[in-house]
Amino acid sequence: MEAFHFAMRVRAGCCALIYRKALKLSRTALGESAAGKVVNLLSNDVSRFDVASVFVHHMWVAPTTAVIVMYLLWKEADYCGLIGMIPIFLICPLQSYTGKLTSKYRRQTAYKTDQRVRLMDEIVAGIQVIKMYAWEKPFEKIIHYARKSEINVITKVSYLRGVFMSFNLFTTRVALLFTLLAMVLLKREITAAKVSTYLDNM
């Protein structure tokens, strides 16, 4: 809750900073900065602080949790518990790679969105000329192409996000499977109480 409150204050501060900067820009600078880019900054980009304020804590929570879980599994299942942790450490680099790809596509999405919004602003500003010369169809195709290009990047991000979220669901199950498989191969006793304890720890 405190993280969300902090992010909300940062977001509000950034919005106020962008607004004050826009008011101080000269006419030349305003001509170089598209209105769509500013709108995108205020409506979309600053909202990332809400997400970052929560997930940034996973940078220290995840290693700490991994150490605690390893200790508990070692205490309960000896080497079998450590074998169960192997899939988690194997998937970590893959998650890191998907995170880098998501960041790359996120920058592309922001760029495509800026282009589309700037194009829409220009069309709305010159709508009288477009209607007078009956240019609706050509400009409709331009907007359709810009939106399609943006959606292609968003689709890639959505697929990566789906893969990333699926890791959260099946990683602990795979770890439990490896632990129980190691216990079976090493001929250790398996009881419902032990399985419940392993599942709670993971």
# chains A, B, ... in the order shown; residues from 1 in each chain; ligands from 1
call {"tool": "closest_atom_pairs", "arguments": {"of": "segment 64-153 of chain A", "to": "segment 38-60 of chain A", "cutoff": "10 Å", "atoms": "only C-alpha atoms", "output": "Markdown table"}}
result
| residue | atom | partner | partner_atom | distance |
| --- | --- | --- | --- | --- |
| A:Thr64 | CA | A:Trp60 | CA | 6.3 |
| A:Thr65 | CA | A:Trp60 | CA | 8.6 |
| A:Ala110 | CA | A:Asn40 | CA | 8.1 |
| A:Tyr111 | CA | A:Asn40 | CA | 9.9 |
| A:Thr113 | CA | A:Asn40 | CA | 7.6 |
| A:Asp114 | CA | A:Asn40 | CA | 6.7 |
| A:Val117 | CA | A:Asn40 | CA | 7.9 |
| A:Arg118 | CA | A:Val39 | CA | 9.7 |
call {"tool": "residues_around", "arguments": {"residues": "Gly99 of chain A", "least_positions_apart": "2", "cutoff": "12 Å", "atoms": "only C-alpha atoms", "output": "PyMOL selection string"}}
result
chain A and resi 92-97+101-106+157+160-165
call {"tool": "closest_atom_pairs", "arguments": {"of": "segment 12-115 of chain A", "to": "segment 193-198 of chain A", "cutoff": "12 Å", "atoms": "only C-alpha atoms", "output": "tab-separated table"}}
result
residue	atom	partner	partner_atom	distance
A:Val69	CA	A:Tyr198	CA	9.4
A:Met70	CA	A:Tyr198	CA	10.8
A:Tyr71	CA	A:Tyr198	CA	11.8
A:Leu72	CA	A:Tyr198	CA	8.7
A:Leu73	CA	A:Tyr198	CA	7.0
A:Trp74	CA	A:Tyr198	CA	10.5
A:Lys75	CA	A:Tyr198	CA	10.8
A:Glu76	CA	A:Lys194	CA	7.9
A:Ala77	CA	A:Tyr198	CA	8.4
A:Asp78	CA	A:Tyr198	CA	11.8
A:Cys80	CA	A:Tyr198	CA	10.6
A:Gly81	CA	A:Tyr198	CA	8.3
A:Leu82	CA	A:Tyr198	CA	11.6
A:Gly84	CA	A:Tyr198	CA	9.7
A:Met85	CA	A:Tyr198	CA	11.2
call {"tool": "residues_around", "arguments": {"residues": "Phe178 of chain A", "least_positions_apart": "2", "cutoff": "9 Å", "atoms": "only C-alpha atoms", "output": "list in words"}}
result
Cys80, Gly81, Ile83, Gly84, Met85, Ile86, Pro87, Arg173, Val174, Ala175, Leu176, Leu180, Leu181, Ala182 and Met183 of chain A
call {"tool": "closest_residue", "arguments": {"among": "A:Phe89, A:Thr171, A:Lys21, A:Glu136", "to": "Val124 of chain A", "atoms": "only C-alpha atoms"}}
result
A:Glu136
call {"tool": "atom_distance", "arguments": {"atom1": "atom CA of Gln128 of chain A", "atom2": "atom CA of Arg116 of chain A"}}
result
19.7 Å
call {"tool": "atom_distance", "arguments": {"atom1": "atom CA of Met120 of chain A", "atom2": "atom CA of His144 of chain A"}}
result
11.1 Å
call {"tool": "atom_distance", "arguments": {"atom1": "atom CA of Leu186 of chain A", "atom2": "atom CA of Asn168 of chain A"}}
result
28.1 Å
call {"tool": "closest_residue", "arguments": {"among": "A:Ala12, A:Leu185, A:Leu119, A:Ile91", "to": "Ile142 of chain A", "atoms": "only C-alpha atoms"}}
result
A:Leu119
call {"tool": "decode", "arguments": {"residues": "segment 94-120 of chain A", "atoms": "N, CA and C atoms", "output": "PDB file, in the first residue's frame"}}
result
ATOM      1  N   LEU A  94      15.946 -17.453 -18.376  1.00  0.00           N
ATOM      2  CA  LEU A  94      14.935 -17.326 -19.422  1.00  0.00           C
ATOM      3  C   LEU A  94      13.972 -16.184 -19.115  1.00  0.00           C
ATOM      4  N   GLN A  95      13.598 -16.046 -17.850  1.00  0.00           N
ATOM      5  CA  GLN A  95      12.743 -14.932 -17.452  1.00  0.00           C
ATOM      6  C   GLN A  95      13.458 -13.597 -17.652  1.00  0.00           C
ATOM      7  N   SER A  96      14.749 -13.564 -17.350  1.00  0.00           N
ATOM      8  CA  SER A  96      15.525 -12.347 -17.564  1.00  0.00           C
ATOM      9  C   SER A  96      15.550 -11.964 -19.042  1.00  0.00           C
ATOM     10  N   TYR A  97      15.697 -12.971 -19.905  1.00  0.00           N
ATOM     11  CA  TYR A  97      15.729 -12.715 -21.348  1.00  0.00           C
ATOM     12  C   TYR A  97      14.376 -12.197 -21.844  1.00  0.00           C
ATOM     13  N   THR A  98      13.279 -12.820 -21.397  1.00  0.00           N
ATOM     14  CA  THR A  98      11.959 -12.348 -21.802  1.00  0.00           C
ATOM     15  C   THR A  98      11.687 -10.950 -21.277  1.00  0.00           C
ATOM     16  N   GLY A  99      12.234 -10.616 -20.092  1.00  0.00           N
ATOM     17  CA  GLY A  99      12.094  -9.264 -19.566  1.00  0.00           C
ATOM     18  C   GLY A  99      12.794  -8.239 -20.437  1.00  0.00           C
ATOM     19  N   LYS A 100      13.990  -8.581 -20.936  1.00  0.00           N
ATOM     20  CA  LYS A 100      14.715  -7.673 -21.829  1.00  0.00           C
ATOM     21  C   LYS A 100      13.969  -7.490 -23.150  1.00  0.00           C
ATOM     22  N   LEU A 101      13.415  -8.591 -23.678  1.00  0.00           N
ATOM     23  CA  LEU A 101      12.632  -8.484 -24.907  1.00  0.00           C
ATOM     24  C   LEU A 101      11.389  -7.619 -24.706  1.00  0.00           C
ATOM     25  N   THR A 102      10.737  -7.779 -23.551  1.00  0.00           N
ATOM     26  CA  THR A 102       9.555  -6.976 -23.251  1.00  0.00           C
ATOM     27  C   THR A 102       9.909  -5.497 -23.195  1.00  0.00           C
ATOM     28  N   SER A 103      11.053  -5.175 -22.582  1.00  0.00           N
ATOM     29  CA  SER A 103      11.507  -3.785 -22.519  1.00  0.00           C
ATOM     30  C   SER A 103      11.756  -3.226 -23.919  1.00  0.00           C
ATOM     31  N   LYS A 104      12.365  -4.045 -24.771  1.00  0.00           N
ATOM     32  CA  LYS A 104      12.648  -3.617 -26.153  1.00  0.00           C
ATOM     33  C   LYS A 104      11.352  -3.333 -26.902  1.00  0.00           C
ATOM     34  N   TYR A 105      10.375  -4.260 -26.819  1.00  0.00           N
ATOM     35  CA  TYR A 105       9.106  -4.068 -27.514  1.00  0.00           C
ATOM     36  C   TYR A 105       8.283  -2.947 -26.893  1.00  0.00           C
ATOM     37  N   ARG A 106       8.473  -2.718 -25.604  1.00  0.00           N
ATOM     38  CA  ARG A 106       7.757  -1.620 -24.949  1.00  0.00           C
ATOM     39  C   ARG A 106       8.207  -0.275 -25.517  1.00  0.00           C
ATOM     40  N   ARG A 107       9.511  -0.127 -25.760  1.00  0.00           N
ATOM     41  CA  ARG A 107      10.011   1.106 -26.376  1.00  0.00           C
ATOM     42  C   ARG A 107       9.458   1.264 -27.790  1.00  0.00           C
ATOM     43  N   GLN A 108       9.394   0.152 -28.531  1.00  0.00           N
ATOM     44  CA  GLN A 108       8.826   0.215 -29.875  1.00  0.00           C
ATOM     45  C   GLN A 108       7.346   0.599 -29.845  1.00  0.00           C
ATOM     46  N   THR A 109       6.615   0.060 -28.854  1.00  0.00           N
ATOM     47  CA  THR A 109       5.192   0.390 -28.712  1.00  0.00           C
ATOM     48  C   THR A 109       5.004   1.871 -28.445  1.00  0.00           C
ATOM     49  N   ALA A 110       5.831   2.430 -27.540  1.00  0.00           N
ATOM     50  CA  ALA A 110       5.733   3.860 -27.237  1.00  0.00           C
ATOM     51  C   ALA A 110       6.005   4.692 -28.477  1.00  0.00           C
ATOM     52  N   TYR A 111       6.999   4.288 -29.269  1.00  0.00           N
ATOM     53  CA  TYR A 111       7.332   5.022 -30.488  1.00  0.00           C
ATOM     54  C   TYR A 111       6.189   4.960 -31.499  1.00  0.00           C
ATOM     55  N   LYS A 112       5.607   3.756 -31.700  1.00  0.00           N
ATOM     56  CA  LYS A 112       4.499   3.601 -32.643  1.00  0.00           C
ATOM     57  C   LYS A 112       3.268   4.379 -32.184  1.00  0.00           C
ATOM     58  N   THR A 113       3.014   4.365 -30.870  1.00  0.00           N
ATOM     59  CA  THR A 113       1.865   5.103 -30.337  1.00  0.00           C
ATOM     60  C   THR A 113       2.043   6.599 -30.537  1.00  0.00           C
ATOM     61  N   ASP A 114       3.256   7.105 -30.310  1.00  0.00           N
ATOM     62  CA  ASP A 114       3.541   8.524 -30.550  1.00  0.00           C
ATOM     63  C   ASP A 114       3.289   8.890 -32.005  1.00  0.00           C
ATOM     64  N   GLN A 115       3.728   8.022 -32.912  1.00  0.00           N
ATOM     65  CA  GLN A 115       3.520   8.278 -34.338  1.00  0.00           C
ATOM     66  C   GLN A 115       2.030   8.336 -34.677  1.00  0.00           C
ATOM     67  N   ARG A 116       1.273   7.376 -34.155  1.00  0.00           N
ATOM     68  CA  ARG A 116      -0.159   7.320 -34.461  1.00  0.00           C
ATOM     69  C   ARG A 116      -0.908   8.524 -33.908  1.00  0.00           C
ATOM     70  N   VAL A 117      -0.606   8.883 -32.666  1.00  0.00           N
ATOM     71  CA  VAL A 117      -1.291  10.021 -32.048  1.00  0.00           C
ATOM     72  C   VAL A 117      -0.940  11.321 -32.767  1.00  0.00           C
ATOM     73  N   ARG A 118       0.347  11.478 -33.165  1.00  0.00           N
ATOM     74  CA  ARG A 118       0.750  12.675 -33.908  1.00  0.00           C
ATOM     75  C   ARG A 118       0.038  12.746 -35.254  1.00  0.00           C
ATOM     76  N   LEU A 119      -0.092  11.596 -35.904  1.00  0.00           N
ATOM     77  CA  LEU A 119      -0.796  11.542 -37.183  1.00  0.00           C
ATOM     78  C   LEU A 119      -2.265  11.903 -37.025  1.00  0.00           C
ATOM     79  N   MET A 120      -2.890  11.396 -35.969  1.00  0.00           N
ATOM     80  CA  MET A 120      -4.295  11.725 -35.712  1.00  0.00           C
ATOM     81  C   MET A 120      -4.474  13.211 -35.434  1.00  0.00           C
TER      82      MET A 120
END
